[in-house]
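**Student:** Just one file: final-v3.cif, with mmCIF, C-alpha atoms and all ligand atoms.
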data_target
loop_
_atom_site.label_atom_id
_atom_site.label_comp_id
_atom_site.auth_asym_id
_atom_site.auth_seq_id
_atom_site.Cartn_x
_atom_site.Cartn_y
_atom_site.Cartn_z
CA MET F 1 100.33 2.62 254.05
CA GLN F 2 100.43 5.64 251.76
CA LEU F 3 103.51 6.59 249.81
CA LEU F 4 104.55 10.24 250.13
CA ASP F 5 105.23 10.70 246.46
CA GLY F 6 108.05 13.14 245.70
CA VAL F 7 107.33 12.94 241.98
CA LEU F 8 103.70 13.99 242.43
CA VAL F 9 104.32 16.74 244.99
CA SER F 10 107.37 18.19 243.27
CA ALA F 11 105.53 18.29 239.92
CA HIS F 12 102.72 20.24 241.60
CA ILE F 13 105.09 22.71 243.26
CA LYS F 14 107.19 23.11 240.12
CA GLU F 15 104.07 24.03 238.14
CA GLN F 16 103.30 26.72 240.74
CA ILE F 17 106.86 28.07 240.52
CA LYS F 18 106.80 28.05 236.71
CA GLN F 19 103.58 30.03 236.71
CA GLU F 20 104.93 32.46 239.27
CA VAL F 21 107.98 33.08 237.07
CA ILE F 22 105.73 33.74 234.08
CA ASP F 23 103.59 36.17 236.11
CA TRP F 24 106.68 37.83 237.50
CA GLN F 25 108.16 38.36 234.04
CA ALA F 26 104.84 39.66 232.73
CA LYS F 27 105.09 42.38 235.40
CA GLY F 28 108.57 43.30 234.18
CA GLY F 29 110.54 41.09 236.59
CA LYS F 30 113.66 39.37 235.32
CA LYS F 31 114.28 35.63 235.30
CA PRO F 32 115.58 34.32 238.65
CA HIS F 33 119.28 33.45 238.29
CA LEU F 34 121.00 30.76 240.36
CA ALA F 35 124.79 30.49 240.48
CA ALA F 36 126.01 27.04 241.57
CA ILE F 37 129.62 26.45 242.61
CA LEU F 38 131.03 22.94 242.37
CA VAL F 39 134.53 22.06 243.56
CA GLY F 40 136.23 18.79 242.58
CA ASN F 41 134.57 15.79 241.00
CA ASN F 42 132.67 13.96 243.70
CA PRO F 43 130.16 11.96 241.58
CA ALA F 44 127.25 12.53 244.00
CA SER F 45 127.89 16.29 244.12
CA GLU F 46 128.13 16.38 240.32
CA ALA F 47 124.78 14.63 240.05
CA TYR F 48 123.11 16.96 242.59
CA VAL F 49 124.42 20.13 240.97
CA GLY F 50 123.54 18.78 237.51
CA SER F 51 119.96 18.27 238.58
CA LYS F 52 119.80 21.74 240.19
CA VAL F 53 120.91 23.32 236.89
CA LYS F 54 118.45 21.16 234.94
CA HIS F 55 115.62 22.29 237.21
CA CYS F 56 116.55 25.92 236.59
CA GLU F 57 116.10 25.38 232.85
CA GLU F 58 112.83 23.55 233.37
CA LEU F 59 111.36 26.31 235.52
CA GLY F 60 112.48 29.24 233.35
CA PHE F 61 115.36 30.34 235.60
CA ASP F 62 118.83 31.34 234.41
CA SER F 63 121.71 29.37 235.87
CA THR F 64 125.47 29.59 235.97
CA LEU F 65 127.60 26.62 236.93
CA LEU F 66 131.09 27.49 238.15
CA ARG F 67 133.36 24.45 238.32
CA PHE F 68 136.73 24.39 240.01
CA GLY F 69 139.35 21.70 240.48
CA SER F 70 139.81 20.37 244.01
CA GLU F 71 143.18 22.19 244.18
CA ILE F 72 141.50 25.62 244.34
CA SER F 73 142.50 27.49 247.51
CA GLU F 74 140.03 28.71 250.11
CA HIS F 75 141.06 32.27 249.31
CA GLU F 76 140.39 31.83 245.59
CA LEU F 77 137.04 30.16 246.25
CA ILE F 78 135.96 32.98 248.56
CA SER F 79 136.95 35.47 245.84
CA GLU F 80 134.66 33.62 243.42
CA VAL F 81 131.80 33.76 245.94
CA GLU F 82 132.41 37.50 246.35
CA ARG F 83 132.37 37.92 242.57
CA MET F 84 128.91 36.30 242.54
CA ASN F 85 127.82 38.48 245.49
CA ASN F 86 128.76 41.55 243.44
CA ASP F 87 127.25 40.31 240.16
CA ASP F 88 123.93 42.07 239.95
CA SER F 89 122.55 39.51 237.49
CA VAL F 90 122.84 36.73 240.13
CA ASP F 91 119.97 36.27 242.61
CA GLY F 92 120.99 33.09 244.44
CA ILE F 93 124.32 31.42 245.19
CA LEU F 94 124.92 27.87 246.32
CA VAL F 95 128.21 26.18 247.08
CA GLN F 96 127.78 22.43 246.84
CA LEU F 97 129.00 20.63 249.96
CA PRO F 98 131.14 18.83 250.98
CA LEU F 99 134.21 20.86 250.03
CA PRO F 100 137.76 19.41 249.92
CA ALA F 101 139.36 19.05 253.36
CA HIS F 102 141.75 22.01 252.93
CA ILE F 103 138.83 24.44 252.52
CA SER F 104 136.73 25.57 255.48
CA GLY F 105 133.09 25.16 254.53
CA ASP F 106 132.16 27.63 257.27
CA SER F 107 134.43 30.34 255.86
CA VAL F 108 133.05 29.88 252.35
CA ILE F 109 129.42 29.87 253.51
CA ASN F 110 130.05 32.93 255.68
CA ALA F 111 131.27 34.74 252.55
CA ILE F 112 127.92 34.32 250.74
CA SER F 113 125.78 37.44 250.84
CA PRO F 114 122.80 36.61 253.11
CA ALA F 115 120.52 38.19 250.48
CA LYS F 116 121.66 35.51 248.00
CA ASP F 117 121.94 32.59 250.47
CA VAL F 118 119.33 30.36 248.84
CA ASP F 119 120.68 27.25 250.61
CA GLY F 120 119.87 28.95 253.93
CA PHE F 121 123.22 27.90 255.44
CA HIS F 122 124.60 31.35 256.34
CA PRO F 123 124.64 32.13 260.09
CA ILE F 124 122.29 35.08 259.47
CA SER F 125 119.77 32.82 257.69
CA ILE F 126 120.03 30.19 260.43
CA GLY F 127 119.72 32.82 263.15
CA LYS F 128 116.59 34.26 261.56
CA MET F 129 115.13 30.77 261.20
CA VAL F 130 115.73 30.10 264.91
CA LEU F 131 113.98 33.35 265.79
CA GLY F 132 111.08 32.61 263.43
CA GLN F 133 111.87 35.61 261.21
CA PRO F 134 111.29 35.38 257.43
CA THR F 135 114.39 33.98 255.73
CA PHE F 136 115.64 31.32 253.35
CA LEU F 137 115.04 27.92 254.95
CA PRO F 138 117.58 25.12 254.25
CA ALA F 139 116.27 23.35 251.17
CA THR F 140 115.81 19.79 252.49
CA PRO F 141 113.91 20.63 255.71
CA TYR F 142 111.92 23.21 253.75
CA GLY F 143 111.05 20.57 251.13
CA ILE F 144 109.95 18.13 253.86
CA MET F 145 107.66 20.78 255.37
CA LEU F 146 106.18 21.38 251.91
CA MET F 147 105.54 17.66 251.52
CA LEU F 148 103.80 17.37 254.91
CA GLU F 149 101.75 20.42 254.02
CA TYR F 150 100.74 18.95 250.63
CA TYR F 151 99.44 15.77 252.28
CA LYS F 152 97.79 17.84 255.05
CA ILE F 153 99.58 15.84 257.70
CA ASN F 154 98.94 17.61 260.98
CA THR F 155 101.98 17.01 263.14
CA SER F 156 100.68 19.11 266.04
CA GLY F 157 101.34 17.34 269.34
CA MET F 158 103.11 14.41 267.67
CA ASN F 159 106.27 12.90 269.06
CA CYS F 160 108.86 13.47 266.35
CA VAL F 161 112.28 11.84 266.28
CA VAL F 162 114.89 13.39 264.02
CA ILE F 163 117.86 11.09 263.50
CA GLY F 164 120.94 13.12 262.58
CA ARG F 165 122.24 16.52 263.69
CA SER F 166 123.86 17.95 260.57
CA ASN F 167 123.70 21.67 259.89
CA ILE F 168 122.08 20.86 256.54
CA VAL F 169 119.21 18.64 257.70
CA GLY F 170 119.00 17.36 261.30
CA THR F 171 119.50 20.62 263.18
CA PRO F 172 117.17 22.84 261.08
CA MET F 173 114.62 20.01 260.80
CA THR F 174 114.45 19.68 264.59
CA LEU F 175 113.84 23.38 264.90
CA LEU F 176 111.22 23.62 262.14
CA MET F 177 109.20 20.69 263.47
CA SER F 178 109.08 22.21 266.95
CA ARG F 179 107.97 25.70 265.85
CA ASN F 180 104.44 26.97 266.30
CA THR F 181 103.50 26.43 262.65
CA VAL F 182 101.46 24.03 260.52
CA PRO F 183 103.08 21.59 259.97
CA GLY F 184 105.17 21.81 263.13
CA ASN F 185 104.10 21.98 266.78
CA ALA F 186 105.65 18.56 267.36
CA THR F 187 107.58 17.47 270.44
CA VAL F 188 110.94 16.78 268.88
CA THR F 189 113.80 14.57 270.02
CA MET F 190 117.06 14.88 268.11
CA CYS F 191 118.91 11.56 268.07
CA HIS F 192 122.39 11.03 266.63
CA SER F 193 125.28 8.61 266.42
CA LYS F 194 125.94 8.75 270.19
CA THR F 195 122.30 8.34 271.29
CA LYS F 196 121.72 5.50 273.74
CA ASN F 197 118.38 3.69 273.47
CA MET F 198 117.79 4.82 269.89
CA LYS F 199 115.22 2.06 269.51
CA GLU F 200 113.22 3.27 272.53
CA PHE F 201 113.06 6.82 271.24
CA CYS F 202 112.00 5.62 267.80
CA LEU F 203 109.33 3.26 269.16
CA ASN F 204 107.78 6.26 270.94
CA ALA F 205 107.72 8.35 267.76
CA ASP F 206 104.65 9.26 265.71
CA ILE F 207 106.97 10.60 263.00
CA ILE F 208 110.59 9.69 262.30
CA ILE F 209 112.79 11.84 260.07
CA ALA F 210 115.90 9.83 259.26
CA ALA F 211 118.94 11.83 258.14
CA ILE F 212 121.91 9.94 259.50
CA GLY F 213 123.50 8.77 256.25
CA LYS F 214 123.58 5.07 257.14
CA PRO F 215 121.94 2.66 254.71
CA ARG F 216 118.76 1.02 256.09
CA PHE F 217 119.57 2.18 259.64
CA VAL F 218 115.92 2.34 260.75
CA THR F 219 114.61 -1.20 260.93
CA ALA F 220 111.09 -2.58 261.45
CA ASP F 221 111.68 -3.34 265.16
CA MET F 222 112.28 0.40 265.75
CA VAL F 223 108.98 1.56 264.29
CA LYS F 224 105.60 1.88 266.01
CA PRO F 225 102.64 0.78 263.86
CA GLY F 226 101.09 3.80 262.14
CA CYS F 227 104.29 5.85 262.30
CA ILE F 228 105.07 8.42 259.58
CA ILE F 229 108.50 7.95 258.04
CA ILE F 230 110.48 10.63 256.21
CA ASP F 231 113.66 9.17 254.74
CA VAL F 232 116.31 11.74 253.86
CA GLY F 233 119.11 9.23 253.20
CA ILE F 234 120.59 8.69 249.76
CA ASN F 235 123.11 5.87 250.10
CA ARG F 236 124.66 3.87 247.28
CA ILE F 237 125.07 0.18 248.08
CA ASP F 238 126.45 -2.74 246.07
CA ASP F 239 123.83 -4.73 244.19
CA PRO F 240 125.20 -7.37 241.82
CA THR F 241 121.70 -7.90 240.36
CA LYS F 242 121.85 -4.38 238.83
CA LYS F 243 123.63 -3.64 235.59
CA SER F 244 125.51 -0.79 237.28
CA GLY F 245 126.44 -3.09 240.21
CA SER F 246 124.84 -0.72 242.72
CA ARG F 247 121.60 0.98 243.75
CA LEU F 248 120.33 3.74 246.00
CA VAL F 249 118.75 3.05 249.38
CA GLY F 250 117.64 5.39 252.14
CA ASP F 251 118.36 5.46 255.86
CA VAL F 252 115.28 3.29 256.38
CA ASP F 253 114.85 -0.40 255.62
CA PHE F 254 111.96 0.43 253.31
CA ASP F 255 110.80 -3.10 252.40
CA ASN F 256 110.30 -4.16 256.02
CA VAL F 257 109.28 -0.80 257.50
CA ALA F 258 106.77 0.34 254.87
CA PRO F 259 104.04 -2.20 255.78
CA LEU F 260 103.99 -0.80 259.34
CA CYS F 261 103.65 2.86 258.45
CA SER F 262 100.79 5.24 257.83
CA TYR F 263 102.96 7.25 255.41
CA ILE F 264 106.49 6.78 254.09
CA THR F 265 108.74 8.49 251.56
CA PRO F 266 110.50 6.25 249.02
CA VAL F 267 114.18 6.54 248.04
CA PRO F 268 114.68 7.66 245.33
CA LYS F 269 111.65 9.76 244.28
CA GLY F 270 110.95 11.06 247.76
CA VAL F 271 112.69 13.80 249.74
CA GLY F 272 115.43 14.42 247.13
CA LEU F 273 112.92 15.94 244.73
CA MET F 274 111.50 18.09 247.51
CA THR F 275 114.97 19.52 248.23
CA LEU F 276 115.05 20.84 244.68
CA CYS F 277 111.65 22.48 245.20
CA GLY F 278 112.91 24.19 248.37
CA LEU F 279 115.95 25.53 246.52
CA MET F 280 113.93 26.78 243.56
CA LYS F 281 111.38 28.50 245.80
CA ASN F 282 114.20 30.21 247.68
CA THR F 283 115.80 31.38 244.44
CA LEU F 284 112.54 32.89 243.17
CA LEU F 285 112.09 34.59 246.55
CA ALA F 286 115.65 35.96 246.35
CA ALA F 287 114.96 37.39 242.88
CA LYS F 288 111.78 39.10 244.03
CA GLN F 289 113.39 40.47 247.17
CA LYS F 290 116.33 41.81 245.18
CA ALA F 291 113.87 43.65 242.96
CA GLY F 292 112.43 45.26 246.08
CA VAL F 293 109.18 43.31 246.26
CA ALA F 294 107.94 42.79 249.80
CA VAL F 295 107.47 39.04 250.17
CA GLU F 296 106.09 37.06 253.11
N1 LIG N 1 125.24 18.75 250.10
C1 LIG N 1 124.28 17.92 250.54
N2 LIG N 1 123.09 18.57 250.57
C2 LIG N 1 123.32 19.82 250.14
C3 LIG N 1 122.47 20.96 249.95
O1 LIG N 1 121.26 20.96 250.19
N3 LIG N 1 123.10 22.07 249.48
C4 LIG N 1 124.44 22.11 249.23
N4 LIG N 1 124.96 23.26 248.79
N5 LIG N 1 125.23 21.08 249.40
C5 LIG N 1 124.67 19.94 249.86
#
Could I get this structure in the form of structure tokens?
Ligand code: GUN
**Tutor:**
Amino acid sequence: MQLLDGVLVSAHIKEQIKQEVIDWQAKGGKKPHLAAILVGNNPASEAYVGSKVKHCEELGFDSTLLRFGSEISEHELISEVERMNNDDSVDGILVQLPLPAHISGDSVINAISPAKDVDGFHPISIGKMVLGQPTFLPATPYGIMLMLEYYKINTSGMNCVVIGRSNIVGTPMTLLMSRNTVPGNATVTMCHSKTKNMKEFCLNADIIIAAIGKPRFVTADMVKPGCIIIDVGINRIDDPTKKSGSRLVGDVDFDNVAPLCSYITPVPKGVGLMTLCGLMKNTLLAAKQKAGVAVE
């Protein structure tokens, strides 16, 4: 079993991005600038946005964090997004999800200018992705593709099971793995909470991408020997042996599944770090495109 090491791969990609920013500035380009919008005080969202802002600093990007109380109206939030759309110093905009129940996430995402949609959640970005046109890919699936590419894992012809159908991970992941790309070219089955025979599908899989948000959902009896496991889950569970009283686990029962696998991502230090790489690469791309540079 080989660990797919998010620390190693993300460090490598971050070095590349850092260098690209230096080269870009040497040619007269300006620092990429990410604007992050955080509503309310969900501790997980605070942690994610905090680490996005920290990565901006580390990579030589500018960042702006806009924080609003959970009482902000949908109308006010959309006005803030529009302000960022019209701010020429801003290259990329992300609105951290989930939003409070009284705000339509769709309406807010639809308000983001597609040119600044570095999360790749806007219908135009998703539509272009489906059609295979160049666009911002959603950060987590993009990060997973970068990780498979780094380890030169050729998924062509593999049976891939994606567990989860969210707009953020499961749906775009299913699409990306089935495209005629490297990595990609897999035969993909999207499973979800209503799937019957989940175990059968999983036992037939050469690669399982678990993004269902249920702690240790994928157990050893569901995994074929030699399977590749990508664990997207970040779930906090009680653990009285820890000082904090809790710890993070993925959607996969790592301790029992890992010995069966050819490759597996750990949680933490796996996919989460790759998501940040995807976001940062998108933001740099947005900055270059805004400056009129033709980019692949
Ligand atoms: N919430 C969970 N994952 C994400 C993500 O990748 N981007 C945003 N904006 N919110 C999220």
**Student:** I'd like the interatomic distance between CA of Gly6 (chain F) and CA of Lys269 (chain F), to a tenth of an Å.
**Tutor:** 5.1 Å
**Student:** Please, which residues are within 12 Å of (105.2, 33.2, 235.1) by the file's coordinates, counting all atoms listed in the file, and could they come as a list in words?
**Tutor:**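 Nearby residues: Lys14, Glu15, Gln16, Ile17, Lys18, Gln19, Glu20, Val21, Ile22, Asp23, Trp24, Gln25, Ala26, Lys27, Gly28, Gly29, Lys30, Lys31, Pro32, Leu59, Gly60, Phe61 and Leu284 of chain F.
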**Student:** Could you give me the residues within 10 Å of ligand LIG 1 (chain N), counting all atoms listed in the file, as a count of residues only?
**Tutor:** 34
**Student:** Rounded to one decimal, what separation in Å do you get between CA of Ser193 (chain F) and CA of Asn159 (chain F)?
**Tutor:**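 Straight-line distance from CA of Ser193 (chain F) to CA of Asn159 (chain F) works out to 19.7 Å.
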**Student:** Residues at most 10 Å from region 144-147 of chain F, counting all atoms listed in the file, excluding those fewer than 5 positions away in the same chain, as number ranges by chain?
**Tutor:** F: 4-6, 8-10, 13, 139, 152-153, 173, 176-177, 182-184, 209, 230-232, 265, 270-275, 277-278
**Student:** Quick one: pull the distance between CA of Ser178 (chain F) and CA of Asn110 (chain F), Å, one decimal.
**Tutor:**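 Atom-to-atom, CA of Ser178 (chain F) and CA of Asn110 (chain F) are spaced 26.1 Å apart.
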**Student:** Under the rule that all atoms listed in the file are counted, which of F:Ala111, F:Val53, F:Ala101, F:Ala47 is the nearest residue to His33 (chain F)?
**Tutor:**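 For His33 (chain F), the nearest of the candidates is F:Val53.
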**Student:** Tell me which of F:Val252, F:Met222, F:Cys261, F:Met280 sits closest to Leu3 (chain F), counting only C-alpha atoms.
**Tutor:**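 With only C-alpha atoms as the atom set, the closest residue is F:Cys261.
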**Student:** Restricting the calculation to only C-alpha atoms: of F:Ile228, F:Ile264, F:Ile212, F:Met158, which residue gets closest to Gly170 (chain F)?
**Tutor:**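 Of F:Ile228, F:Ile264, F:Ile212, F:Met158, the one nearest Gly170 (chain F) is F:Ile212, counting only C-alpha atoms.
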**Student:** Let me make sure I understand: among F:Glu82, F:Asp91, F:Glu58, F:Glu71, which one has the smallest atom-to-atom distance to Lys290 (chain F) if we use only C-alpha atoms?
**Tutor:** F:Asp91
